[in-house]
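Student: I am sharing upload07.txt, which consists of compact mmCIF, C-alpha atoms:
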# COMPACT_ATOMS: atom_id res chain seq x y z
CA MET E 262 44.01 214.33 -56.68
CA ALA E 263 44.86 217.26 -58.96
CA HIS E 264 42.72 219.55 -56.88
CA ARG E 265 44.62 218.59 -53.76
CA ARG E 266 47.96 219.30 -55.41
CA CYS E 267 46.76 222.73 -56.47
CA LEU E 268 45.77 223.50 -52.93
CA HIS E 269 49.18 222.50 -51.61
CA SER E 270 51.10 224.60 -54.08
CA ALA E 271 48.84 227.62 -53.68
CA LEU E 272 49.02 227.84 -49.93
CA LEU E 273 52.57 226.64 -49.16
CA HIS E 274 51.51 225.95 -45.62
CA GLY E 275 50.55 222.85 -43.81
CA THR E 276 46.93 222.77 -44.73
CA ALA E 277 44.38 221.31 -42.42
CA LEU E 278 44.01 217.59 -42.98
CA ILE E 279 40.25 217.87 -42.79
CA SER E 280 40.03 219.98 -45.91
CA LEU E 281 42.14 217.53 -47.90
CA LYS E 282 39.84 214.64 -47.25
CA LYS E 283 36.77 216.33 -48.74
CA SER E 284 35.54 215.40 -52.21
CA PRO E 285 37.43 217.35 -54.90
CA PRO E 286 34.78 219.35 -56.80
CA LEU E 287 33.28 220.90 -53.70
CA SER E 288 36.41 221.32 -51.65
CA ILE E 289 37.87 224.18 -53.71
CA VAL E 290 35.06 226.58 -52.91
CA ASN E 291 34.45 225.33 -49.40
CA ALA E 292 38.04 225.04 -48.37
CA LEU E 293 39.06 228.49 -49.53
CA THR E 294 36.79 230.23 -47.09
CA PRO E 295 37.86 228.46 -43.89
CA LYS E 296 41.56 228.62 -44.78
CA PRO E 297 42.11 232.38 -44.26
CA ASN E 298 40.54 232.08 -40.83
CA PRO E 299 43.01 229.70 -39.31
CA VAL E 300 45.84 231.59 -41.00
CA ILE E 301 44.74 234.88 -39.44
CA THR E 302 44.11 233.52 -35.99
CA THR E 303 47.39 231.68 -35.76
CA SER E 304 49.45 234.37 -37.47
CA ASN E 305 51.75 234.76 -34.49
CA LEU E 306 52.43 231.06 -34.37
CA GLU E 307 52.98 230.60 -38.09
CA PRO E 308 56.78 230.66 -38.04
CA SER E 309 56.85 228.07 -35.33
CA TRP E 310 54.10 226.07 -37.01
CA PHE E 311 55.95 225.95 -40.34
CA THR E 312 58.52 223.34 -39.52
CA PRO E 313 56.31 221.06 -37.47
CA TRP E 314 53.69 221.14 -40.20
CA PHE E 315 56.21 219.99 -42.74
CA TYR E 316 57.17 217.08 -40.49
CA VAL E 317 53.52 216.29 -40.00
CA ARG E 318 53.04 216.21 -43.75
CA HIS E 319 55.77 213.62 -44.13
CA PHE E 320 54.41 211.38 -41.43
CA SER E 321 50.77 211.77 -42.35
CA SER E 322 48.88 208.66 -43.27
CA ARG E 323 48.09 210.04 -46.72
CA LYS E 324 51.16 209.17 -48.79
CA SER E 325 49.71 209.78 -52.24
CA ASP E 326 51.21 213.26 -52.82
CA ASP E 327 54.42 214.99 -53.86
CA SER E 328 56.14 214.58 -50.51
CA GLU E 329 55.89 210.83 -51.04
CA ASN E 330 58.85 210.76 -53.44
CA GLU E 331 61.30 212.43 -51.07
CA ALA E 332 60.30 210.24 -48.17
CA GLU E 333 60.64 207.11 -50.29
CA MET E 334 64.13 208.05 -51.46
CA GLU E 335 65.41 208.40 -47.91
CA ASP E 336 63.76 205.22 -46.71
CA SER E 337 64.97 203.07 -49.60
CA SER E 338 68.60 204.17 -49.20
CA ASP E 339 68.54 203.30 -45.50
CA VAL E 340 66.95 199.94 -46.18
CA GLU E 341 69.55 199.12 -48.84
CA GLU E 342 72.41 199.83 -46.50
CA GLU E 343 70.93 197.60 -43.84
CA SER E 344 70.28 194.77 -46.28
CA ASP E 345 73.85 194.96 -47.61
CA GLU E 346 75.20 194.66 -44.11
CA MET E 347 72.90 191.77 -43.39
CA ALA E 348 73.95 189.96 -46.57
CA SER E 349 77.65 190.33 -45.80
CA ASP E 350 77.08 189.07 -42.27
CA MET E 351 75.19 186.06 -43.62
CA VAL E 352 78.09 185.13 -45.87
CA ARG E 353 80.92 185.49 -43.37
CA ASP E 354 79.43 184.35 -40.13
CA TYR E 355 79.69 180.60 -40.45
CA SER E 356 83.40 180.10 -40.04
CA PRO E 357 83.39 178.19 -36.76
CA GLY E 358 82.51 174.52 -37.07
CA GLU E 359 79.91 174.69 -34.32
CA LYS E 360 77.87 177.26 -36.14
CA GLU E 361 77.92 175.12 -39.25
CA ALA E 362 76.64 172.20 -37.25
CA GLU E 363 73.82 174.29 -35.85
CA ALA E 364 72.79 175.57 -39.22
CA ALA E 365 72.95 172.05 -40.61
CA ALA E 366 70.60 170.88 -37.88
CA ILE E 367 68.02 173.33 -39.09
CA GLY E 368 68.07 171.73 -42.50
CA TYR E 369 68.18 168.25 -40.95
CA LYS E 370 71.47 167.11 -42.38
CA VAL E 371 74.84 166.22 -40.99
CA VAL E 372 77.80 166.50 -43.28
CA GLY E 373 80.08 163.54 -43.20
CA PRO E 374 83.54 163.25 -44.74
CA LEU E 375 84.17 163.15 -48.45
CA GLN E 376 84.40 159.74 -49.96
CA ARG E 377 86.85 158.35 -52.46
CA SER E 378 86.74 154.81 -53.81
CA ASP E 379 84.05 153.98 -51.29
CA ARG E 380 81.44 151.53 -52.48
CA VAL E 381 78.37 153.54 -51.62
CA PHE E 382 76.09 152.78 -54.53
CA LYS E 383 74.44 149.54 -53.58
CA ASP E 384 71.81 147.57 -55.39
CA TYR E 385 68.21 148.40 -54.90
CA GLU E 386 66.76 147.36 -51.56
CA PRO E 387 63.00 147.29 -51.11
CA VAL E 388 62.98 149.77 -48.26
CA PHE E 389 61.62 153.28 -48.27
CA ALA E 390 61.73 156.19 -45.88
CA VAL E 391 59.90 159.50 -45.64
CA VAL E 392 62.52 162.13 -44.99
CA GLN E 393 62.19 165.84 -44.39
CA ILE E 394 64.68 168.42 -45.63
CA GLY E 395 63.94 172.02 -44.81
CA SER E 396 60.20 172.23 -45.30
CA HIS E 397 59.86 169.55 -47.97
CA GLN E 398 59.23 165.86 -47.40
CA PHE E 399 60.18 163.09 -49.79
CA LYS E 400 59.43 159.38 -49.96
CA VAL E 401 62.81 158.00 -50.64
CA SER E 402 64.34 154.67 -51.49
CA ASN E 403 67.78 153.38 -52.31
CA GLY E 404 69.22 154.89 -55.46
CA ASP E 405 66.76 157.76 -55.83
CA SER E 406 67.69 161.30 -56.71
CA ILE E 407 66.14 164.26 -55.00
CA PHE E 408 66.26 167.94 -55.84
CA THR E 409 66.17 170.22 -52.82
CA GLU E 410 66.90 173.86 -52.18
CA ARG E 411 70.58 174.73 -52.15
CA LEU E 412 72.14 173.23 -49.04
CA LYS E 413 74.89 175.29 -47.53
CA PHE E 414 78.05 173.84 -46.03
CA CYS E 415 78.34 170.91 -48.37
CA GLU E 416 80.35 170.53 -51.53
CA VAL E 417 79.83 168.15 -54.41
CA ASN E 418 80.68 164.52 -53.51
CA ASP E 419 79.91 165.00 -49.82
CA LYS E 420 78.22 162.42 -47.69
CA LEU E 421 75.16 163.60 -45.84
CA ILE E 422 73.13 162.00 -43.10
CA LEU E 423 69.52 163.08 -43.00
CA ASN E 424 68.23 162.92 -39.46
CA LYS E 425 64.59 163.81 -39.80
CA VAL E 426 62.99 160.54 -40.80
CA LEU E 427 59.24 160.39 -40.37
CA LEU E 428 58.41 156.92 -41.65
CA LEU E 429 60.27 153.75 -42.53
CA GLY E 430 58.77 151.00 -44.60
CA SER E 431 59.66 147.65 -46.05
CA PRO E 432 57.56 144.88 -47.61
CA THR E 433 56.98 143.32 -44.19
CA GLN E 434 57.22 146.16 -41.71
CA THR E 435 56.25 149.80 -41.30
CA ILE E 436 57.63 152.01 -38.57
CA ILE E 437 55.87 155.31 -37.98
CA GLY E 438 57.58 158.12 -36.13
CA ARG E 439 56.00 160.61 -33.76
CA PRO E 440 56.90 162.87 -35.47
CA ILE E 441 60.45 161.66 -36.16
CA LEU E 442 62.22 158.39 -35.54
CA PRO E 443 65.20 158.89 -33.27
CA ASP E 444 67.35 155.98 -34.43
CA ALA E 445 66.73 156.15 -38.13
CA ALA E 446 69.10 157.74 -40.60
CA VAL E 447 69.26 158.12 -44.32
CA HIS E 448 72.59 158.43 -46.03
CA ALA E 449 72.90 160.50 -49.15
CA VAL E 450 75.58 161.89 -51.42
CA VAL E 451 75.54 165.33 -52.96
CA GLU E 452 75.61 164.94 -56.72
CA GLU E 453 75.51 168.51 -57.87
CA HIS E 454 74.74 172.10 -56.99
CA ALA E 455 73.10 173.60 -60.02
CA LEU E 456 70.72 176.29 -61.13
CA ASP E 457 67.25 175.51 -62.28
CA ALA E 458 66.00 176.64 -65.67
CA LYS E 459 65.16 180.30 -65.93
CA VAL E 460 61.64 181.30 -64.99
CA ILE E 461 60.49 184.62 -66.38
CA ILE E 462 58.25 186.55 -64.00
CA PHE E 463 56.18 188.86 -66.08
CA LYS E 464 53.85 191.39 -64.50
CA LYS E 465 51.48 193.48 -66.49
CA LYS E 466 48.54 195.68 -65.71
CA ARG E 467 46.59 196.39 -68.81
CA ARG E 468 45.82 199.93 -69.89
CA LYS E 469 47.97 201.21 -67.01
CA ASN E 470 51.33 201.35 -68.75
CA TYR E 471 52.83 198.90 -66.27
CA ARG E 472 55.00 196.02 -67.39
CA ARG E 473 57.82 194.30 -65.54
CA THR E 474 59.97 191.38 -66.61
CA LYS E 475 62.17 189.55 -64.12
CA GLY E 476 64.21 186.39 -64.58
CA HIS E 477 64.77 183.94 -61.77
CA ARG E 478 66.91 180.82 -61.48
CA GLN E 479 66.52 178.80 -58.34
CA GLU E 480 69.61 177.18 -56.84
CA LEU E 481 69.12 173.47 -56.33
CA THR E 482 71.06 170.59 -54.86
CA LYS E 483 70.74 167.08 -56.23
CA LEU E 484 71.09 164.35 -53.64
CA ARG E 485 71.43 160.65 -54.38
CA ILE E 486 70.13 158.40 -51.62
CA THR E 487 72.47 155.56 -50.86
CA TYR E 488 71.45 153.87 -47.64
CA ILE E 489 68.53 153.72 -45.26
CA GLN E 490 69.08 152.41 -41.75
CA GLY E 491 66.75 151.80 -38.88
CA ILE E 492 64.63 149.00 -40.26
CA GLU E 493 65.11 145.28 -40.84
CA LYS E 494 65.62 144.60 -44.47
CA PRO E 495 64.32 141.42 -46.04
CA GLU E 496 67.15 139.38 -47.50
CA ILE E 497 66.77 138.98 -51.21
CA LYS E 498 68.80 136.12 -52.62
CA THR E 499 68.36 134.24 -55.85
CA ASP E 500 64.86 133.18 -54.73
CA GLY E 501 63.80 136.80 -54.66
CA LYS E 502 60.48 136.58 -56.48
CA PRO E 503 58.51 134.02 -54.42
CA LEU E 504 59.68 135.67 -51.18
CA LYS E 505 58.43 139.03 -52.32
CA ALA E 506 55.06 137.67 -53.37
CA ALA E 507 54.55 135.99 -50.00
CA ASP E 508 55.54 139.04 -47.93
CA LYS E 509 53.62 141.62 -49.85
CA LYS E 510 50.96 142.31 -47.26
CA PRO E 511 52.55 144.49 -44.59
CA GLU E 512 52.00 144.04 -40.88
CA LYS E 513 51.68 147.47 -39.45
CA ILE E 514 53.48 148.01 -36.20
CA ALA E 515 52.29 150.70 -33.84
CA ALA E 516 54.28 153.85 -33.39
CA ILE E 517 57.43 154.03 -31.37
CA ALA E 518 56.75 156.11 -28.34
CA MET I 77 91.42 185.86 -62.24
CA GLU I 78 95.14 185.19 -62.16
CA SER I 79 95.14 185.50 -58.39
CA GLU I 80 92.39 182.94 -57.94
CA LEU I 81 93.23 180.41 -60.63
CA PRO I 82 96.00 178.63 -58.70
CA THR I 83 93.77 178.04 -55.66
CA PHE I 84 91.01 176.84 -57.93
CA LYS I 85 93.39 174.41 -59.62
CA GLU I 86 94.59 173.08 -56.28
CA LYS I 87 91.10 172.56 -54.97
CA ASN I 88 90.13 170.59 -58.03
CA PRO I 89 92.97 168.26 -58.93
CA GLN I 90 90.59 166.14 -60.95
CA LEU I 91 89.99 168.98 -63.40
CA GLU I 92 92.19 169.99 -66.29
CA VAL I 93 92.31 173.77 -66.36
CA VAL I 94 93.66 175.32 -69.54
CA THR I 95 94.08 179.02 -70.18
CA GLU I 96 94.19 180.30 -73.72
CA LEU I 97 94.44 183.77 -75.09
CA ILE I 98 91.80 184.20 -77.76
CA ARG I 99 91.96 187.29 -79.87
CA GLY I 100 88.93 188.87 -81.43
CA GLN I 101 86.42 187.13 -79.14
CA HIS I 102 84.96 187.91 -75.75
CA PRO I 103 86.61 186.05 -72.89
CA HIS I 104 84.65 182.99 -71.88
CA LEU I 105 84.72 179.96 -69.63
CA LYS I 106 84.13 176.65 -71.32
CA GLY I 107 83.22 173.57 -69.32
CA PHE I 108 83.55 170.09 -70.82
CA TYR I 109 81.43 167.48 -69.12
CA LYS I 110 81.62 163.73 -69.15
CA ASN I 111 78.43 163.37 -71.13
CA LYS I 112 80.15 165.24 -73.99
CA ASN I 113 78.27 168.39 -73.14
CA GLU I 114 79.86 171.82 -73.33
CA ARG I 115 78.73 174.79 -71.34
CA VAL I 116 80.02 178.21 -72.30
CA VAL I 117 79.81 181.25 -70.05
CA CYS I 118 80.84 184.67 -71.31
CA VAL I 119 82.87 186.55 -68.71
CA LYS I 120 83.27 189.85 -70.48
CA ASN I 121 83.71 192.76 -68.07
CA MET I 122 83.47 190.62 -64.97
CA THR I 123 85.47 190.89 -61.77
CA PRO I 124 87.69 187.98 -60.71
CA GLU I 125 85.33 187.08 -57.89
CA ASP I 126 82.43 186.77 -60.31
CA ILE I 127 84.52 184.66 -62.68
CA LEU I 128 85.42 182.39 -59.79
CA LEU I 129 81.77 182.10 -58.87
CA TYR I 130 80.81 181.06 -62.40
CA GLY I 131 83.74 178.68 -62.50
CA THR I 132 82.64 176.99 -59.29
CA ARG I 133 79.09 176.80 -60.64
CA LEU I 134 80.31 175.03 -63.75
CA ARG I 135 82.32 172.69 -61.58
CA ASN I 136 79.40 171.94 -59.27
CA ALA I 137 76.99 171.18 -62.06
CA LEU I 138 76.52 168.05 -64.07
CA GLY I 139 76.41 168.37 -67.80
CA ARG I 140 72.71 167.80 -68.08
CA LYS I 141 70.60 170.10 -70.17
CA VAL I 142 69.08 172.98 -68.23
CA VAL I 143 65.41 172.14 -68.50
CA LYS I 144 62.55 172.81 -66.16
CA LEU I 145 62.26 169.87 -63.78
CA LYS I 146 59.26 167.63 -64.18
CA THR I 147 59.52 166.22 -60.67
CA ARG I 148 61.84 166.85 -57.81
CA HIS I 149 62.09 163.15 -57.05
CA VAL I 150 63.49 160.77 -59.62
CA THR I 151 63.14 157.10 -58.84
CA LYS I 152 63.16 153.79 -60.64
CA HIS I 153 61.19 151.89 -58.00
CA PRO I 154 58.27 154.03 -56.95
CA SER I 155 56.57 151.37 -54.85
CA VAL I 156 57.98 149.15 -52.10
CA GLN I 157 54.89 147.65 -50.53
CA GLY I 158 52.88 147.46 -53.71
CA THR I 159 51.07 150.21 -55.57
CA TRP I 160 47.73 151.10 -54.07
CA THR I 161 44.61 150.29 -56.00
CA THR I 162 41.03 150.37 -54.87
CA ASP I 163 41.15 146.62 -54.25
CA VAL I 164 43.95 146.73 -51.66
CA LYS I 165 42.73 146.07 -48.16
CA PHE I 166 44.80 146.43 -45.01
Show me this structure written as structure tokens.
Tutor:
Amino acid sequence: MAHRRCLHSALLHGTALISLKKSPPLSIVNALTPKPNPVITTSNLEPSWFTPWFYVRHFSSRKSDDSENEAEMEDSSDVEEESDEMASDMVRDYSPGEKEAEAAAIGYKVVGPLQRSDRVFKDYEPVFAVVQIGSHQFKVSNGDSIFTERLKFCEVNDKLILNKVLLLGSPTQTIIGRPILPDAAVHAVVEEHALDAKVIIFKKKRRKNYRRTKGHRQELTKLRITYIQGIEKPEIKTDGKPLKAADKKPEKIAAIA
Amino acid sequence: MESELPTFKEKNPQLEVVTELIRGQHPHLKGFYKNKNERVVCVKNMTPEDILLYGTRLRNALGRKVVKLKTRHVTKHPSVQGTWTTDVKF
């Protein structure tokens, strides 16, 4: 590496790429002799070769030299500008209601109206559903809480309807979707939007003087599941216990086409 | 902050927003939660937009302690059709 840098500084021309790729100890002696030859033969073309050679140096596949720093500076500044524009577009683009609905469909949720003095928190019903939000799937029942990635377009105390239901189950019946059930829905309420505990990302390479510390807090949404619809629920009255014991073995019903 | 406080107050009528001038201390936001938990955020040298962001975060959050989550799914009734054991036969 040091030998290559010496060669660059000594010559101040675009050196032949072949000479650079040779092994360092031998290249000094060997490379010196062929270098004058190309310089002499192309002496007339040197002024015109100067600038193209410099461009070639920047674009060459070998990026482990001094020119690397300048090229990186230019590239990083361009990338930052683009990312800033992208971020601002992401924040401001969702003003129309249709776009919000589209984006909500990606995360498999439909925002319903806010609720006030609405009896949503029912007693436990022995029904479960497998629901998908984003890329995560949860087996969910009445009264559960779920932590998902931060869901946009919903405030605290919002009602959500989760569309993507993959499986419904009760003590007597199981309905399997292929892959989703079209008529099933799971109602949920947003409890909070909060940050997770801080995770420290520590990178170290030993004996290389490299150490990086980065803190990260993931933004989460806590959902409370209130209602599952799409399956017959067994009625539990005061004689709950004997009924449950009798119906415990499920009869599996084939998938809904 | 003064420009954004009124809108924040209107959006959250259920909250009691109090402004105090405290001398000799950094400016901070203090959130009082129903579980008698207090969360304090120092807003020294922050722009009004950032202060609003932290304020909305405090409003969105419950007062629970910020601990690493054990599970992402908290339930009291984990099994509906009966917990599976090696003896269960379908």
Student: Tell me the residues of chain I close to chain E, meaning within 7 Å using only C-alpha atoms, as a PyMOL selection string.
Tutor: chain I and resi 133+136-138+142-144+148-151+156-157
Student: Can you work out the spacing between atom CA of Ser396 of chain E and atom CA of Lys413 of chain E in Å, to one decimal?
Tutor: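 Atom-to-atom, atom CA of Ser396 of chain E to atom CA of Lys413 of chain E, that is 15.2 Å.
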Student: Counting only C-alpha atoms, write as a PyMOL selection string all protein and nucleic acid residues lying at most 10 Å from (66.9, 160.4, -39.6) in the file's frame.
Tutor: chain E and resi 369-371+390-393+422-429+441-448+489-491
Student: Which one of I:Lys106, I:His153, I:Arg99, I:Lys87 sits closest to Tyr130 of chain I if you count only C-alpha atoms?
Tutor: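 Counting only C-alpha atoms, the residue closest to Tyr130 of chain I is I:Lys106.
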Student: Quick one: of E:Arg380, E:Gln479, E:Ile367, E:Thr474, who's nearest to Leu145 of chain I, counting all atoms listed in the file?
Tutor: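 Nearest to Leu145 of chain I: E:Gln479.
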Student: Distance atom CA of Pro374 of chain E-atom CA of Phe84 of chain I, one decimal place?
Tutor: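 Distance between the two atoms: 20.4 Å.
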Student: Go ahead and compute the interatomic distance for atom CA of Asn111 of chain I and atom CA of Lys141 of chain I, in Å to one decimal.
Tutor: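 Straight-line distance from atom CA of Asn111 of chain I to atom CA of Lys141 of chain I works out to 10.4 Å.
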Student: Counting all atoms listed in the file, what is within 12 Å of Leu134 of chain I, bar same-chain residues fewer than 5 positions away, as an MDAnalysis selection string?
Tutor: (chainID E and resid 417 453:456) or (chainID I and resid 91 105:109 113:117 127:129 139:140)
